[in-house]
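Visitor: What follows is upload-v8.cif, mmCIF, C-alpha atoms.
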```
data_protein
#
loop_
_atom_site.group_PDB
_atom_site.id
_atom_site.type_symbol
_atom_site.label_atom_id
_atom_site.label_comp_id
_atom_site.auth_asym_id
_atom_site.auth_seq_id
_atom_site.Cartn_x
_atom_site.Cartn_y
_atom_site.Cartn_z
ATOM 1 C CA MET C 869 -0.164 -21.356 2.378
ATOM 2 C CA LEU C 870 2.863 -19.172 1.696
ATOM 3 C CA TYR C 871 2.168 -19.407 -2.035
ATOM 4 C CA PHE C 872 -1.341 -17.964 -1.582
ATOM 5 C CA PHE C 873 -0.040 -15.231 0.711
ATOM 6 C CA LEU C 874 2.530 -14.172 -1.910
ATOM 7 C CA ILE C 875 -0.126 -14.122 -4.635
ATOM 8 C CA TYR C 876 -2.347 -12.037 -2.337
ATOM 9 C CA LEU C 877 0.467 -9.524 -1.729
ATOM 10 C CA ALA C 878 1.213 -9.321 -5.441
ATOM 11 C CA VAL C 879 -2.434 -8.642 -6.303
ATOM 12 C CA VAL C 880 -2.829 -6.007 -3.575
ATOM 13 C CA ASN C 881 0.378 -4.202 -4.550
ATOM 14 C CA ILE C 882 -0.328 -4.254 -8.286
ATOM 15 C CA THR C 883 -3.833 -2.943 -7.602
ATOM 16 C CA ALA C 884 -2.475 -0.175 -5.362
ATOM 17 C CA TYR C 885 0.089 0.858 -7.974
ATOM 18 C CA PHE C 886 -2.406 1.112 -10.804
ATOM 19 C CA LEU C 887 -4.993 2.882 -8.639
ATOM 20 C CA MET C 888 -2.379 5.547 -7.893
ATOM 21 C CA GLY C 889 -1.908 6.030 -11.620
ATOM 22 C CA GLU C 890 -5.648 6.165 -12.216
ATOM 23 C CA ASP C 891 -6.123 8.734 -9.444
ATOM 24 C CA LYS C 892 -3.336 10.886 -10.892
ATOM 25 C CA LYS C 893 -4.993 10.736 -14.321
ATOM 26 C CA ARG C 894 -8.340 11.707 -12.802
ATOM 27 C CA ALA C 895 -6.725 14.566 -10.892
ATOM 28 C CA LYS C 896 -5.249 15.976 -14.103
ATOM 29 C CA ASN C 897 -8.621 15.712 -15.866
ATOM 30 C CA LYS C 898 -10.511 17.198 -12.897
ATOM 31 C CA GLN C 899 -12.691 14.095 -12.607
ATOM 32 C CA TRP C 900 -14.096 12.184 -9.654
ATOM 33 C CA ARG C 901 -11.184 10.982 -7.490
ATOM 34 C CA ILE C 902 -10.437 7.792 -5.618
ATOM 35 C CA GLU C 903 -10.852 8.353 -1.876
ATOM 36 C CA GLU C 904 -7.687 8.522 0.199
ATOM 37 C CA LEU C 905 -9.183 5.951 2.554
ATOM 38 C CA VAL C 906 -8.852 3.409 -0.266
ATOM 39 C CA PHE C 907 -5.098 4.014 -0.436
ATOM 40 C CA PHE C 908 -4.715 3.892 3.342
ATOM 41 C CA THR C 909 -6.644 0.631 3.436
ATOM 42 C CA LEU C 910 -4.479 -0.826 0.687
ATOM 43 C CA CYS C 911 -1.372 0.159 2.659
ATOM 44 C CA PHE C 912 -2.516 -1.617 5.784
ATOM 45 C CA ILE C 913 -3.645 -4.791 4.053
ATOM 46 C CA GLY C 914 -0.204 -5.234 2.509
ATOM 47 C CA GLY C 915 -0.133 -2.895 -0.489
ATOM 48 C CA PHE C 916 2.312 -0.367 0.922
ATOM 49 C CA ILE C 917 4.950 -1.183 -1.707
ATOM 50 C CA GLY C 918 2.485 -0.597 -4.547
ATOM 51 C CA VAL C 919 1.302 2.667 -3.015
ATOM 52 C CA HIS C 920 4.883 3.829 -2.528
ATOM 53 C CA LEU C 921 5.965 2.883 -6.047
ATOM 54 C CA GLY C 922 2.844 4.511 -7.481
ATOM 55 C CA MET C 923 3.533 7.704 -5.552
ATOM 56 C CA GLN C 924 7.071 7.850 -6.890
ATOM 57 C CA HIS C 925 6.362 6.823 -10.476
ATOM 58 C CA PHE C 926 3.294 8.987 -11.020
ATOM 59 C CA GLN C 927 4.519 11.835 -8.766
ATOM 60 C CA HIS C 928 1.201 11.672 -6.955
ATOM 61 C CA LYS C 929 0.490 12.578 -3.337
ATOM 62 C CA THR C 930 4.217 12.846 -2.598
ATOM 63 C CA GLN C 931 3.722 15.951 -0.448
ATOM 64 C CA HIS C 932 1.086 14.360 1.804
ATOM 65 C CA TRP C 933 2.656 13.442 5.136
ATOM 66 C CA GLN C 934 -0.306 11.149 5.887
ATOM 67 C CA PHE C 935 0.688 8.858 3.025
ATOM 68 C CA LYS C 936 4.319 8.771 4.118
ATOM 69 C CA LEU C 937 3.201 7.878 7.640
ATOM 70 C CA ALA C 938 0.792 5.182 6.401
ATOM 71 C CA ILE C 939 3.453 3.612 4.188
ATOM 72 C CA SER C 940 6.086 3.680 6.933
ATOM 73 C CA SER C 941 3.858 2.315 9.664
ATOM 74 C CA SER C 942 2.375 -0.430 7.494
ATOM 75 C CA ALA C 943 5.883 -1.407 6.331
ATOM 76 C CA VAL C 944 6.976 -1.736 9.959
ATOM 77 C CA LEU C 945 3.884 -3.803 10.669
ATOM 78 C CA PHE C 946 4.351 -6.179 7.732
ATOM 79 C CA LEU C 947 8.148 -6.404 7.678
ATOM 80 C CA ILE C 948 9.014 -6.393 11.382
ATOM 81 C CA ILE C 949 6.101 -6.922 13.752
ATOM 82 C CA LEU C 950 4.202 -9.688 11.922
ATOM 83 C CA PRO C 951 7.320 -11.805 11.273
ATOM 84 C CA LEU C 952 8.343 -11.410 14.925
ATOM 85 C CA LEU C 953 4.914 -12.490 16.114
ATOM 86 C CA PHE C 954 5.038 -15.482 13.761
ATOM 87 C CA TRP C 955 8.530 -16.398 14.973
ATOM 88 C CA PHE C 956 7.550 -16.173 18.649
ATOM 89 C CA ARG C 957 4.484 -18.270 17.931
ATOM 90 C CA LEU C 958 6.646 -20.950 16.322
ATOM 91 C CA LYS C 959 9.025 -20.978 19.300
ATOM 92 C CA SER C 960 6.272 -21.572 21.849
#
```
Any chance you could give the structure as structure tokens?
Guide:
Amino acid sequence: MLYFFLIYLAVVNITAYFLMGEDKKRAKNKQWRIEELVFFTLCFIGGFIGVHLGMQHFQHKTQHWQFKLAISSSAVLFLIILPLLFWFRLKS
């Protein structure tokens, strides 16, 4: 089960990273853009690391406070709240 969860996280984060790069390329070429909702969704389904790394590497959407908030809140959710809930569930 853990193995599949780790593969899932890897796929979501790699996808988020490369979508950030693709959106940056489209922005430079004044083409159709990837909706921000896609990036927010990726953050909250576990791709916050990929979104963050993509923002930093491609220098894309770094001034948008909404992205910083989405990354921070989803990181808290995945790194603190979910493990605590799992731990409490195991204890009971």
Visitor: Translate the PyMOL selection byres ((chain C and resi 875-884) around 7) into a concrete residue list for this structure, as a list in words.
Guide: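 Applying the PyMOL selection byres ((chain C and resi 875-884) around 7) to the structure shown produces Tyr871, Phe872, Phe873, Leu874, Tyr885, Phe886, Leu887, Met888, Phe907, Leu910, Gly914, Gly915, Phe916, Ile917, Gly918 and Val919 of chain C.
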Visitor: Write to file, as a PDB file, keeping the file's coordinate frame, the residues of the selection just made, with C-alpha atoms.
Guide:
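As a result, out_14.pdb now contains:
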```
ATOM      1  CA  TYR C 871       2.168 -19.407  -2.035  1.00  0.00           C
ATOM      2  CA  PHE C 872      -1.341 -17.964  -1.582  1.00  0.00           C
ATOM      3  CA  PHE C 873      -0.040 -15.231   0.711  1.00  0.00           C
ATOM      4  CA  LEU C 874       2.530 -14.172  -1.910  1.00  0.00           C
ATOM      5  CA  TYR C 885       0.089   0.858  -7.974  1.00  0.00           C
ATOM      6  CA  PHE C 886      -2.406   1.112 -10.804  1.00  0.00           C
ATOM      7  CA  LEU C 887      -4.993   2.882  -8.639  1.00  0.00           C
ATOM      8  CA  MET C 888      -2.379   5.547  -7.893  1.00  0.00           C
ATOM      9  CA  PHE C 907      -5.098   4.014  -0.436  1.00  0.00           C
ATOM     10  CA  LEU C 910      -4.479  -0.826   0.687  1.00  0.00           C
ATOM     11  CA  GLY C 914      -0.204  -5.234   2.509  1.00  0.00           C
ATOM     12  CA  GLY C 915      -0.133  -2.895  -0.489  1.00  0.00           C
ATOM     13  CA  PHE C 916       2.312  -0.367   0.922  1.00  0.00           C
ATOM     14  CA  ILE C 917       4.950  -1.183  -1.707  1.00  0.00           C
ATOM     15  CA  GLY C 918       2.485  -0.597  -4.547  1.00  0.00           C
ATOM     16  CA  VAL C 919       1.302   2.667  -3.015  1.00  0.00           C
TER      17      VAL C 919
END
```
Visitor: Measuring atom to atom with all atoms listed in the file, identify which of C:Val906, C:Cys911, C:Leu953, C:Met923 is nearest to Ile939 of chain C.
Guide: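 The answer is C:Cys911, which sits nearest to Ile939 of chain C.
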Visitor: I'd like to see the residues matched by the PyMOL selection byres ((chain C and resi 946) around 10) on this file, and ideally I'd get them as a list in words.
Guide: Cys911, Phe912, Ile913, Gly914, Gly915, Phe916, Ser941, Ser942, Ala943, Val944, Leu945, Leu947, Ile948, Ile949, Leu950, Pro951 and Leu952 of chain C
Visitor: Export, as a CSV table (one decimal), in the frame of the given file, the selected residues with C-alpha atoms.
Guide:
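Listing of result.csv after writing:
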```
chain,number,residue,atom,x,y,z
C,911,CYS,CA,-1.4,0.2,2.7
C,912,PHE,CA,-2.5,-1.6,5.8
C,913,ILE,CA,-3.6,-4.8,4.1
C,914,GLY,CA,-0.2,-5.2,2.5
C,915,GLY,CA,-0.1,-2.9,-0.5
C,916,PHE,CA,2.3,-0.4,0.9
C,941,SER,CA,3.9,2.3,9.7
C,942,SER,CA,2.4,-0.4,7.5
C,943,ALA,CA,5.9,-1.4,6.3
C,944,VAL,CA,7.0,-1.7,10.0
C,945,LEU,CA,3.9,-3.8,10.7
C,947,LEU,CA,8.1,-6.4,7.7
C,948,ILE,CA,9.0,-6.4,11.4
C,949,ILE,CA,6.1,-6.9,13.8
C,950,LEU,CA,4.2,-9.7,11.9
C,951,PRO,CA,7.3,-11.8,11.3
C,952,LEU,CA,8.3,-11.4,14.9
```
Visitor: Output as AutoDock Vina command-line options the centre and edge lengths (Å, one decimal) of the box along x, y and z of the file that holds every listed atom of segment 934-942 of chain C after adding 4 Å on each side.
Guide:
```
--center_x 2.9 --center_y 5.4 --center_z 6.3 --size_x 14.4 --size_y 19.6 --size_z 14.6
```
Visitor: To one decimal place in Å, what is the distance between atom CA of Phe935 of chain C and atom CA of Gly922 of chain C?
Guide: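 It comes out at 11.6 Å.
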Visitor: Find the residues around Lys893 of chain C up to 12 Å (all atoms listed in the file counted), leave out those fewer than 5 positions away in its own chain, and share them as a PyMOL selection string.
Guide: chain C and resi 886-888+898-902+926-928
Visitor: Using atom CA of Ala938 of chain C and atom CA of Phe908 of chain C as the two end points, give the distance in Å to one decimal.
Guide: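 It comes out at 6.4 Å.
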Visitor: Calculate how many Å separate atom CA of His920 of chain C from atom CA of Ala895 of chain C, rounding to one decimal.
Guide: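 Here the two named atoms are 17.9 Å from each other.
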